[in-house]
$ cat query_11.csv   # CSV, C-alpha atoms and all ligand atoms
chain,number,residue,atom,x,y,z
A,22,MET,CA,-40.5,36.2,41.9
A,23,ILE,CA,-41.2,35.2,45.4
A,24,ALA,CA,-44.5,37.1,45.4
A,25,LEU,CA,-45.5,35.3,42.1
A,26,LYS,CA,-44.7,31.9,43.6
A,27,GLU,CA,-46.8,32.8,46.6
A,28,LEU,CA,-49.6,33.9,44.3
A,29,LYS,CA,-49.4,30.6,42.5
A,30,ALA,CA,-49.6,28.6,45.8
A,31,ALA,CA,-52.6,30.7,46.9
A,32,GLN,CA,-54.5,30.6,43.6
A,33,PRO,CA,-53.6,27.4,41.7
A,34,ASP,CA,-56.0,28.3,38.9
A,35,LEU,CA,-53.6,31.2,38.0
A,36,ALA,CA,-50.6,28.8,37.8
A,37,SER,CA,-50.1,28.9,34.1
A,38,ALA,CA,-50.4,32.8,34.0
A,39,VAL,CA,-47.9,33.0,36.8
A,40,ASP,CA,-45.5,30.7,35.0
A,41,LEU,CA,-45.8,32.7,31.9
A,42,GLN,CA,-45.1,35.9,33.8
A,43,ILE,CA,-42.1,34.4,35.5
A,44,ALA,CA,-40.6,33.4,32.2
A,45,LEU,CA,-41.2,36.9,30.7
A,46,LEU,CA,-39.7,38.6,33.7
A,47,ASP,CA,-36.7,36.4,33.5
A,48,ILE,CA,-36.0,37.7,30.0
A,49,GLN,CA,-36.7,41.3,31.1
A,50,ARG,CA,-34.3,41.1,34.0
A,51,ARG,CA,-31.5,39.6,32.1
A,52,LEU,CA,-31.8,42.4,29.6
A,53,GLN,CA,-32.3,45.2,32.2
A,54,GLY,CA,-28.8,44.9,33.5
A,55,ARG,CA,-27.4,45.4,30.0
A,56,VAL,CA,-29.4,48.5,29.0
A,57,PRO,CA,-27.4,51.7,29.5
A,58,LEU,CA,-28.9,54.9,30.8
A,59,PRO,CA,-29.8,56.8,27.7
A,60,TRP,CA,-28.5,60.1,26.7
A,61,ILE,CA,-31.5,62.2,25.9
A,62,SER,CA,-30.6,64.6,23.2
A,63,ALA,CA,-33.7,66.8,23.4
A,64,GLU,CA,-33.5,70.3,24.8
A,65,ASP,CA,-35.3,71.0,28.1
A,66,THR,CA,-37.6,73.6,26.4
A,67,TRP,CA,-38.7,71.0,23.8
A,68,LEU,CA,-39.4,68.5,26.5
A,69,GLN,CA,-41.4,71.0,28.5
A,70,ASP,CA,-43.5,71.9,25.5
A,71,GLN,CA,-44.1,68.2,24.7
A,72,GLU,CA,-45.2,67.6,28.3
A,73,ARG,CA,-47.6,70.5,28.4
A,74,ALA,CA,-49.1,69.4,25.1
A,75,GLY,CA,-49.6,65.8,26.6
A,76,ARG,CA,-47.2,64.3,24.0
A,77,ALA,CA,-44.6,61.6,24.6
A,78,LEU,CA,-41.2,62.7,25.8
A,79,VAL,CA,-39.2,59.7,24.5
A,80,ARG,CA,-38.3,60.0,20.8
A,81,PHE,CA,-37.3,56.9,19.0
A,82,GLY,CA,-33.7,58.1,18.5
A,83,ASP,CA,-33.2,58.5,22.3
A,84,ILE,CA,-34.0,54.9,23.1
A,85,PRO,CA,-30.7,53.2,23.9
A,86,LEU,CA,-31.4,50.3,21.6
A,87,GLU,CA,-28.6,47.8,21.2
A,88,TRP,CA,-29.9,45.8,18.3
A,89,SER,CA,-28.4,42.4,19.1
A,90,ASP,CA,-29.7,42.5,22.7
A,91,PHE,CA,-33.1,43.7,21.4
A,92,ARG,CA,-33.3,41.0,18.7
A,93,LEU,CA,-32.5,38.3,21.2
A,94,ALA,CA,-35.1,39.5,23.7
A,95,PHE,CA,-37.7,39.9,20.9
A,96,ARG,CA,-37.1,36.3,19.8
A,97,GLN,CA,-37.1,34.9,23.4
A,98,ASN,CA,-40.4,36.7,24.3
A,99,ALA,CA,-42.0,35.3,21.1
A,100,ASP,CA,-40.8,31.8,22.0
A,101,VAL,CA,-42.2,32.1,25.6
A,102,LEU,CA,-45.6,33.4,24.4
A,103,LEU,CA,-45.8,30.5,21.9
A,104,ARG,CA,-44.9,28.0,24.6
A,105,PHE,CA,-47.7,29.2,26.8
A,106,ASP,CA,-50.2,29.4,23.9
A,107,ALA,CA,-50.3,33.2,24.1
A,108,LEU,CA,-49.2,33.4,20.5
A,109,GLU,CA,-50.4,31.4,17.5
A,110,SER,CA,-47.9,29.3,15.7
A,111,ALA,CA,-48.4,31.1,12.3
A,112,ASP,CA,-47.9,34.5,14.0
A,113,HIS,CA,-44.8,33.2,15.8
A,114,GLN,CA,-43.3,32.1,12.5
A,115,ALA,CA,-44.0,35.5,10.9
A,116,ILE,CA,-42.5,37.3,13.9
A,117,VAL,CA,-39.3,35.3,14.2
A,118,ALA,CA,-38.8,35.5,10.5
A,119,LEU,CA,-38.8,39.3,10.9
A,120,ALA,CA,-36.1,39.0,13.5
A,121,ARG,CA,-34.0,36.7,11.3
A,122,GLU,CA,-34.2,38.7,8.0
A,123,GLY,CA,-31.1,41.0,7.9
A,124,ASN,CA,-32.2,44.4,8.9
A,125,ALA,CA,-36.0,44.0,8.4
A,126,LEU,CA,-36.7,44.4,12.1
A,127,GLU,CA,-35.2,47.8,12.7
A,128,PRO,CA,-37.4,49.9,10.5
A,129,VAL,CA,-40.5,48.0,11.7
A,130,VAL,CA,-39.7,48.7,15.3
A,131,GLU,CA,-39.0,52.4,14.5
A,132,GLN,CA,-42.2,52.8,12.6
A,133,TRP,CA,-44.3,51.0,15.2
A,134,TYR,CA,-42.8,53.0,18.1
A,135,LYS,CA,-43.5,56.3,16.2
A,136,ALA,CA,-47.1,55.2,15.4
A,137,THR,CA,-47.8,54.2,19.0
A,138,SER,CA,-46.2,57.2,20.7
A,139,GLY,CA,-48.5,59.8,19.1
A,140,THR,CA,-46.3,61.1,16.2
A,141,GLY,CA,-49.1,60.5,13.6
A,142,GLU,CA,-47.0,57.9,11.7
A,143,LEU,CA,-49.0,54.9,10.4
A,144,ARG,CA,-48.4,51.5,11.8
A,145,PRO,CA,-46.3,49.0,9.7
A,146,GLU,CA,-48.6,47.0,7.5
A,147,GLY,CA,-48.9,43.3,6.7
A,148,LEU,CA,-47.8,42.1,10.2
A,149,PRO,CA,-49.8,40.0,12.7
A,150,ALA,CA,-51.6,42.0,15.4
A,151,SER,CA,-49.9,39.9,18.0
A,152,LEU,CA,-46.6,41.6,17.1
A,153,ASP,CA,-47.7,44.4,19.4
A,154,HIS,CA,-47.5,42.1,22.4
A,155,VAL,CA,-44.0,41.0,21.5
A,156,LEU,CA,-42.8,44.5,20.8
A,157,VAL,CA,-44.2,45.9,24.0
A,158,LEU,CA,-42.3,43.2,26.0
A,159,ALA,CA,-39.1,43.6,24.1
A,160,LEU,CA,-39.0,47.4,24.3
A,161,ARG,CA,-40.0,47.6,28.0
A,162,PRO,CA,-36.5,47.5,29.5
A,163,PHE,CA,-35.2,50.1,27.1
A,164,LEU,CA,-38.2,52.5,27.5
A,165,ALA,CA,-38.1,52.0,31.3
A,166,LYS,CA,-34.6,53.5,31.4
A,167,CYS,CA,-35.7,56.4,29.3
A,168,ALA,CA,-38.6,57.1,31.7
A,169,GLU,CA,-36.2,56.9,34.6
A,170,VAL,CA,-34.0,59.6,33.2
A,171,LEU,CA,-36.8,61.8,31.9
A,172,ARG,CA,-38.7,61.6,35.2
A,173,GLN,CA,-35.7,63.4,36.8
A,174,ARG,CA,-35.4,66.0,34.1
A,175,THR,CA,-39.0,67.0,33.1
A,176,PRO,CA,-41.5,67.8,35.8
A,177,LEU,CA,-45.1,66.6,35.0
A,178,THR,CA,-47.4,69.6,35.1
A,179,THR,CA,-50.5,68.5,33.2
A,180,SER,CA,-53.0,65.7,33.4
A,181,HIS,CA,-51.8,62.9,31.2
A,182,SER,CA,-54.3,60.3,30.0
A,183,THR,CA,-51.5,58.4,28.1
A,184,CYS,CA,-48.0,57.7,29.3
A,185,PRO,CA,-46.1,61.0,29.5
A,186,PHE,CA,-42.9,59.2,28.5
A,187,CYS,CA,-43.7,56.7,25.8
A,188,GLY,CA,-47.3,57.6,24.8
A,189,TRP,CA,-48.8,54.2,25.4
A,190,GLU,CA,-52.1,53.7,27.3
A,191,PRO,CA,-52.2,53.0,31.0
A,192,ASP,CA,-53.3,49.5,31.8
A,193,PHE,CA,-53.2,49.4,35.5
A,194,ALA,CA,-53.3,51.9,38.4
A,195,VAL,CA,-52.4,52.3,42.0
A,196,ILE,CA,-54.3,54.2,44.8
A,197,MET,CA,-51.6,55.7,46.9
A,198,PRO,CA,-51.9,55.9,50.7
A,199,SER,CA,-52.7,59.6,50.2
A,200,ALA,CA,-55.7,58.5,48.1
A,201,GLU,CA,-54.1,60.0,45.0
A,202,ARG,CA,-54.4,57.7,42.0
A,203,HIS,CA,-51.4,56.9,39.8
A,204,LEU,CA,-51.8,55.4,36.3
A,205,ILE,CA,-49.2,52.8,35.2
A,206,CYS,CA,-48.1,52.5,31.5
A,207,GLY,CA,-48.8,49.2,29.9
A,208,ARG,CA,-45.6,49.4,28.0
A,209,CYS,CA,-42.8,51.0,30.1
A,210,TRP,CA,-44.5,50.6,33.5
A,211,ALA,CA,-43.9,54.3,34.4
A,212,GLN,CA,-46.3,55.7,36.9
A,213,TRP,CA,-47.9,59.2,37.0
A,214,ALA,CA,-50.6,60.9,39.0
A,215,PHE,CA,-54.1,61.3,37.4
A,216,GLU,CA,-57.5,62.4,38.7
A,217,PRO,CA,-58.9,59.6,40.9
A,218,LEU,CA,-62.3,59.3,39.2
A,219,THR,CA,-61.7,60.3,35.6
A,220,CYS,CA,-61.6,57.7,32.9
A,221,PRO,CA,-58.2,57.9,31.2
A,222,TYR,CA,-59.6,56.4,28.0
A,223,CYS,CA,-62.2,59.0,27.2
A,224,ARG,CA,-61.7,61.6,30.1
A,225,ASN,CA,-65.3,61.1,31.3
A,226,ASN,CA,-65.2,62.7,34.8
A,227,ASP,CA,-68.9,62.4,35.6
A,228,ARG,CA,-68.8,60.3,38.8
A,229,ALA,CA,-72.3,59.0,38.2
A,230,ARG,CA,-71.0,57.4,35.0
A,231,ILE,CA,-68.0,55.6,36.6
A,232,THR,CA,-68.8,52.3,38.2
A,233,SER,CA,-66.2,51.3,40.8
A,234,PHE,CA,-66.1,48.1,42.7
A,235,ALA,CA,-63.5,46.4,45.0
A,236,THR,CA,-62.5,42.9,45.6
A,237,ARG,CA,-63.7,41.3,48.9
A,238,ASP,CA,-60.3,41.7,50.5
A,239,GLY,CA,-60.2,45.3,49.5
A,240,ARG,CA,-56.9,44.9,47.8
A,241,TYR,CA,-58.0,45.7,44.3
A,242,ARG,CA,-60.5,47.9,42.6
A,243,VAL,CA,-62.0,48.2,39.2
A,244,TYR,CA,-63.2,51.4,37.5
A,245,GLY,CA,-65.7,50.8,34.7
A,246,CYS,CA,-66.5,53.8,32.5
A,247,ASP,CA,-70.2,54.0,31.5
A,248,VAL,CA,-69.3,56.3,28.6
A,249,CYS,CA,-66.6,54.4,26.6
A,250,HIS,CA,-67.3,51.1,28.4
A,251,ARG,CA,-63.6,50.4,29.1
A,252,TYR,CA,-62.3,49.5,32.5
A,253,LEU,CA,-59.1,50.0,34.5
A,254,LYS,CA,-57.9,47.9,37.4
A,255,ALA,CA,-56.1,49.3,40.4
A,256,TYR,CA,-54.1,48.1,43.4
A,257,ASP,CA,-55.4,49.8,46.5
A,258,GLY,CA,-52.4,50.8,48.5
A,259,ARG,CA,-54.3,52.8,51.2
A,260,ASN,CA,-54.3,50.0,53.8
A,261,ALA,CA,-51.7,47.7,52.2
A,262,SER,CA,-48.5,46.3,53.6
A,263,ARG,CA,-46.6,46.8,50.4
A,264,THR,CA,-46.4,49.0,47.3
A,265,VAL,CA,-47.8,48.0,44.0
A,266,MET,CA,-45.9,45.2,42.1
A,267,VAL,CA,-47.1,45.5,38.5
A,268,ALA,CA,-45.8,42.1,37.4
A,269,VAL,CA,-47.7,40.4,40.3
A,270,ASP,CA,-50.8,42.6,40.6
A,271,THR,CA,-51.7,42.4,36.9
A,272,ILE,CA,-51.7,38.6,37.2
A,273,ALA,CA,-53.5,38.5,40.6
A,274,THR,CA,-56.3,40.5,39.1
A,275,LEU,CA,-57.0,38.3,36.0
A,276,PRO,CA,-60.2,37.1,37.7
A,277,LEU,CA,-61.3,40.7,37.8
A,278,ASP,CA,-61.1,41.0,34.0
A,279,ALA,CA,-63.8,38.3,33.7
A,280,ALA,CA,-65.9,40.2,36.3
A,281,ALA,CA,-65.5,43.5,34.4
A,282,MET,CA,-66.4,41.9,31.1
A,283,GLN,CA,-69.5,40.3,32.6
A,284,ARG,CA,-70.6,43.8,33.5
A,285,GLY,CA,-70.2,44.8,29.9
A,286,TYR,CA,-66.8,46.5,30.0
A,287,SER,CA,-63.9,45.8,27.7
B,301,ZN,ZN,-44.8,54.4,28.9
B,302,ZN,ZN,-64.2,56.2,29.4
$ encode --input "query_11.csv" --output "structure tokens"
Amino acid sequence: MIALKELKAAQPDLASAVDLQIALLDIQRRLQGRVPLPWISAEDTWLQDQERAGRALVRFGDIPLEWSDFRLAFRQNADVLLRFDALESADHQAIVALAREGNALEPVVEQWYKATSGTGELRPEGLPASLDHVLVLALRPFLAKCAEVLRQRTPLTTSHSTCPFCGWEPDFAVIMPSAERHLICGRCWAQWAFEPLTCPYCRNNDRARITSFATRDGRYRVYGCDVCHRYLKAYDGRNASRTVMVAVDTIATLPLDAAAMQRGYS
């Protein structure tokens, strides 16, 4: 929170994005303390097979979902996004209606998690696309606990281009002091090592077709892939005084999104 306030003071044009992030973190932190460590029922051999195949380790049934806590966080996240114009009013109405209607939310969350963790299930239909954003935020504290437990239990042995724990895409990265690059899951914020110059979105590893540029202060770096035209931002921890702070660094690098898009990446 202090780092976010410092960022806001240093870059007033990011004020609204910082305030949104503070409001979302507030919900996340209140929930975090209440989420129990999950009991993962899967056998070690099953987990190791999943890991080797590059499939997500967290099954829906292992997420320690306490539905009244989840429902409250889901609603609060939607309200905050609406307040900061990050959610359209019609979408907000559809989303909160889902949370209000008896047990309508549970099967949607289950189907959505299965569809987005690589099980082959189809996404729930007839819901606004912005539901993704709200579900990612509301599930994060629960999935983070699962990743915490599984990280201790299942060693990572293969190269994962999606989150080894929840199967979501990486949406940030950190270059470690050793120059190793870790990807960071956009959903559960787990980190894992990945080849420093391979595109995680299409696995292009031709260095000539990866465009990489740094910010003037050297703190951040962007990798644009000239095959799939997607980009990934990273915090460069090689000469830094602190480790990566996902909640802060993803906001501090918002101006880099515009720079990457100007170069034709998305
Ligand atoms: Zn994840
Ligand atoms: Zn690519």
$ residues_around --input "query_11.csv" --residues "stretch 41-46 of chain A" --least-positions-apart "4" --cutoff "8 Å" --atoms "only C-alpha atoms" --output "ChimeraX atom specification"
/A:22,25,37,50,98,101-102,105,158,268,272
$ closest_residue --input "query_11.csv" --among "A:Arg237, A:Arg284, A:Arg92, A:Arg161" --to "A:Tyr252" --atoms "all atoms listed in the file"
A:Arg284
$ residues_near_ligand --input "query_11.csv" --ligand "ligand ZN 302 (chain B)" --cutoff "12 Å" --atoms "only C-alpha atoms and all ligand atoms" --output "list in words"
Ser182, Leu218, Thr219, Cys220, Pro221, Tyr222, Cys223, Arg224, Asn225, Asn226, Asp227, Arg228, Arg230, Ile231, Thr232, Tyr244, Gly245, Cys246, Asp247, Val248, Cys249, His250, Arg251, Tyr252, Leu253, Tyr286 and Ser287 of chain A
$ residues_near_point --input "query_11.csv" --point "(-53.6, 43.8, 38.7)" --cutoff "8 Å" --atoms "all atoms listed in the file" --output "PDB file with C-alpha atoms, in the coordinates of the input"
ATOM      1  CA  PHE A 193     -53.200  49.400  35.500  1.00  0.00           C
ATOM      2  CA  TYR A 241     -58.000  45.700  44.300  1.00  0.00           C
ATOM      3  CA  LYS A 254     -57.900  47.900  37.400  1.00  0.00           C
ATOM      4  CA  ALA A 255     -56.100  49.300  40.400  1.00  0.00           C
ATOM      5  CA  TYR A 256     -54.100  48.100  43.400  1.00  0.00           C
ATOM      6  CA  VAL A 267     -47.100  45.500  38.500  1.00  0.00           C
ATOM      7  CA  VAL A 269     -47.700  40.400  40.300  1.00  0.00           C
ATOM      8  CA  ASP A 270     -50.800  42.600  40.600  1.00  0.00           C
ATOM      9  CA  THR A 271     -51.700  42.400  36.900  1.00  0.00           C
ATOM     10  CA  ILE A 272     -51.700  38.600  37.200  1.00  0.00           C
ATOM     11  CA  ALA A 273     -53.500  38.500  40.600  1.00  0.00           C
ATOM     12  CA  THR A 274     -56.300  40.500  39.100  1.00  0.00           C
ATOM     13  CA  LEU A 275     -57.000  38.300  36.000  1.00  0.00           C
TER      14      LEU A 275
END
$ residues_near_ligand --input "query_11.csv" --ligand "ligand ZN 301 (chain B)" --cutoff "9 Å" --atoms "only C-alpha atoms and all ligand atoms" --output "list of chain:residue names"
A:Ala77, A:Val79, A:Ser138, A:Arg161, A:Leu164, A:Ala165, A:Ala168, A:Thr183, A:Cys184, A:Pro185, A:Phe186, A:Cys187, A:Gly188, A:Trp189, A:Glu190, A:Pro191, A:Ile205, A:Cys206, A:Gly207, A:Arg208, A:Cys209, A:Trp210, A:Ala211, A:Gln212
$ closest_residue --input "query_11.csv" --among "A:Ala281, A:Leu58, A:Ala261, A:Ala30" --to "A:Glu87" --atoms "only C-alpha atoms"
A:Leu58
$ closest_residue --input "query_11.csv" --among "A:Asp70, A:Asp238, A:Asp112, A:Asp257" --to "A:Val195" --atoms "all atoms listed in the file"
A:Asp257
$ atom_distance --input "query_11.csv" --atom1 "atom CA of A:Pro145" --atom2 "atom CA of A:Trp60"
27.0 Å
$ atom_distance --input "query_11.csv" --atom1 "atom CA of A:Arg55" --atom2 "atom CA of A:Pro176"
27.1 Å
$ closest_residue --input "query_11.csv" --among "A:Ala136, A:Trp67, A:His203, A:Glu122" --to "A:His181" --atoms "only C-alpha atoms"
A:His203
$ closest_residue --input "query_11.csv" --among "A:Ile61, A:Glu201, A:Arg240, A:Phe81" --to "A:Arg263" --atoms "all atoms listed in the file"
A:Arg240
$ residues_near_point --input "query_11.csv" --point "(-40.7, 37.9, 13.0)" --cutoff "10 Å" --atoms "only C-alpha atoms" --output "list in words"
Arg92, Phe95, Arg96, Ala99, Asp112, His113, Gln114, Ala115, Ile116, Val117, Ala118, Leu119, Ala120, Arg121, Glu122, Ala125, Leu126, Leu148, Pro149, Leu152 and Val155 of chain A
$ atom_distance --input "query_11.csv" --atom1 "atom CA of A:Leu103" --atom2 "atom CA of A:Cys167"
28.8 Å
$ closest_residue --input "query_11.csv" --among "A:Ser110, A:Arg51, A:Val39, A:Gln283" --to "A:Ile23" --atoms "only C-alpha atoms"
A:Val39
$ residues_around --input "query_11.csv" --residues "A:Glu146" --least-positions-apart "6" --cutoff "12 Å" --atoms "only C-alpha atoms" --output "ChimeraX atom specification"
/A:128-130,132-133,136,152
